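Scroll down for the structure; my scribbles are underneath it.
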Amino acid sequence: MTYLAKPKLHHPSLQKNAVGYTRRDYEGKVSTLCAGCGHDSVSAAIVQACWQLDIAPHRVAKLSGIGCSSKTPDYFLGASHGFNTVHGRMPSVLTGANLANRELLYLGISGDGDSASIGLGQFAHAMRRGVAMVYIVENNGVYGLTKGQFSATADRGSTAKKGATNQDAAIDLVSLALQLGATYVARSFSGDKSQLVPLIEGAIKHRGAAFIDVISPCVAFNNHAGSTRSYDHVREHNEALNRIDFIDLAAEQQASGDEALIMLPQPDGGQMRLRRLHPDYDPTDRIAAMNQVAALQAAGEIATGLLFVDPLARDMHQGLNTVTTPLNRLGERELCPGAAVLAKINAGLR
Ligand SMILES: Cc1ncc(C[n+]2csc(CCOP(=O)(O)OP(=O)(O)O)c2C)c(N)n1
Ligand code: SF4
Ligand SMILES: [Mg+2]
């Protein structure tokens, strides 16, 4: 047996959300990851966010690549659509699924090896095309599944468990996502659920390419002194720029007199409330975000929080002017409109 199913019996008193599901309805199989792996905390945060936002599980499609991180969709949202692709290829498969059916919520789950090493090109194009998705990288600085080799996000000078020093410069996926045009960019830590859950909720509500880099320590291969992805290192160097207090109710829209609060409109008419922890940081300024992330990085600190958001983002479908109906619901009349329509299209191309 390669997985453990969870018993489906629920206690009748379990609290249900607005669409009639308990939190347990958003769980998956029992995790087979190492005890203490950060990735399990990310799965729990996804369960919490989807339950709190009243998302019907059958409206979600979860896709991943290969790695311990990419195994995790098996451990959450057991009643949702799922597809485990080839190593580093989640973004292109997700892009195709999204083009075919834009009505689902797309969760792309990946690792630092999956997205920054073999899948770097795929990551880049999903960001620049504005594919509407929540793209989560569970970043531990190593290839956990294949026993702890440095990944492309490992910091130069950091050491492996057996003492080897990483000689290569690190790829910072947050900085890349900002440069490539992602319209929601955040970073968090698997050990800080109170920061991570609202960031995932904000990404789910966003309509565009939403990227979250979650530092998620690998307790088996990269949690020692000398690693910059260990629980201790991240706790000591975590510099949160803001905290989201997400509000989903249009009725609550009101201006705030508190200068520490930033109100951001949401596509569904609600709003997101952000509490500034750095007084002058403006998360709607892409250049400022790139500068702040780089400045903290140079000082050895890790910028976390909602780093950038474009509340007026456009997604790939708007750019391509695609049909709003999912392709599997189009009938013969729409798909084969006849020779006269074809002749008109051909004439328009001459
Ligand atoms: C095409 C291909 N190349 C290499 C591998 C071997 N491989 C499997 S998982 C993995 C890296 C996983 O690292 P990461 O994405 O960071 O996930 P983690 O296990 O750390 O969560 C590699 C290199 C593979 N499965 N397929
Ligand atoms: S090897 Fe590392 S990444 Fe994989 S399950 Fe174990 S702790 Fe997690
Ligand atoms: Mg990894």
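Residues in the structure tokens are numbered from 1 in each chain, the chains being A, B, ... in the order shown, and ligands are numbered from 1 in the order shown.
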Pick out the residues no farther than 12 Å from ligand 3, counting only C-alpha atoms and all ligand atoms, and list them as a count of residues only. 50
Residues within 7 Å of Ala49 (chain A), only C-alpha atoms, excluding chain neighbours under 4 positions, as a list in words: Ala45, Leu53, Val197, Ile200 and Glu201 of chain A
With N, CA, C and O atoms retained, write the just-selected residues as a compact mmCIF listing (two decimals), in the first residue's frame.
```txt
# COMPACT_ATOMS: atom_id res chain seq x y z
N ALA A 45 -2.48 24.57 5.76
CA ALA A 45 -2.87 25.97 5.50
C ALA A 45 -3.81 26.05 4.29
O ALA A 45 -4.76 26.84 4.28
N LEU A 53 -12.92 29.98 3.02
CA LEU A 53 -13.45 30.76 1.89
C LEU A 53 -14.67 30.10 1.26
O LEU A 53 -15.16 30.56 0.22
N VAL A 197 -1.99 31.45 5.98
CA VAL A 197 -3.39 31.19 5.58
C VAL A 197 -4.01 32.42 4.88
O VAL A 197 -4.55 32.29 3.78
N ILE A 200 -2.68 32.83 1.37
CA ILE A 200 -3.28 31.89 0.41
C ILE A 200 -4.70 32.35 0.06
O ILE A 200 -5.11 32.32 -1.11
N GLU A 201 -5.44 32.82 1.04
CA GLU A 201 -6.79 33.31 0.77
C GLU A 201 -6.76 34.48 -0.21
O GLU A 201 -7.56 34.56 -1.15
```
Taking the chain letters and numbering used in this document, name the residues of region 165-273 of chain A that DSSP puts in strand (DSSP E or B), as a PyMOL selection string. chain A and resi 165+184-189+209-215+238-240+242-247+261-265+271-273
Write out as a ChimeraX atom specification the residues lying within 7 Å of Ala313 (chain A), counting only C-alpha atoms and excluding same-chain residues fewer than 5 positions away. /A:183,207-208
Would you list the contacts of Pro12 (chain A) as a PyMOL selection string, taking every protein, DNA or RNA residue within 12 Å and counting only C-alpha atoms, but skipping same-chain residues closer than 5 positions in sequence? chain A and resi 21-22+24
Name all residues at most 7 Å from Met263 (chain A) (count only C-alpha atoms; drop same-chain ones fewer than 2 positions away) and give them as an MDAnalysis selection string. chainID A and resid 261 265 271:274
Measure the distance from CA of Val293 (chain A) to CA of Gln179 (chain A) in Å and round it to one decimal. 11.8 Å
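If only C-alpha atoms are the atoms counted, then among A:Asp268, A:His125, A:Ser227, A:Thr85 the closest residue to Ala164 (chain A) is A:Ser227.
Atom pair CA of Arg314 (chain A) / CA of Gly130 (chain A) has a distance of 7.1 Å (rounded to one decimal).
Comparing the minimum interatomic distances between ligand 2 and each of A:Asp40, A:Asp172, A:Asp25, A:Asp285, counting only C-alpha atoms and all ligand atoms, we find that A:Asp40 sits nearest.
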Quick one: DSSP helix (DSSP H, G or I) residues in region 87-224 of chain A, as a ChimeraX atom specification? /A:90-100,112-117,120-129,173-180,193-205
Which residue, A:Cys50, A:Ala170, A:Ser190, A:Tyr184, has the smallest gap to ligand 2 when you use only C-alpha atoms and all ligand atoms? A:Ser190
Give me the residues within 10 Å of Ile302 (chain A) as a VMD selection string, counting only C-alpha atoms and dropping any in the same chain fewer than 5 places off. chain A and resid 187 to 189 215 228 233 to 241 293 to 297
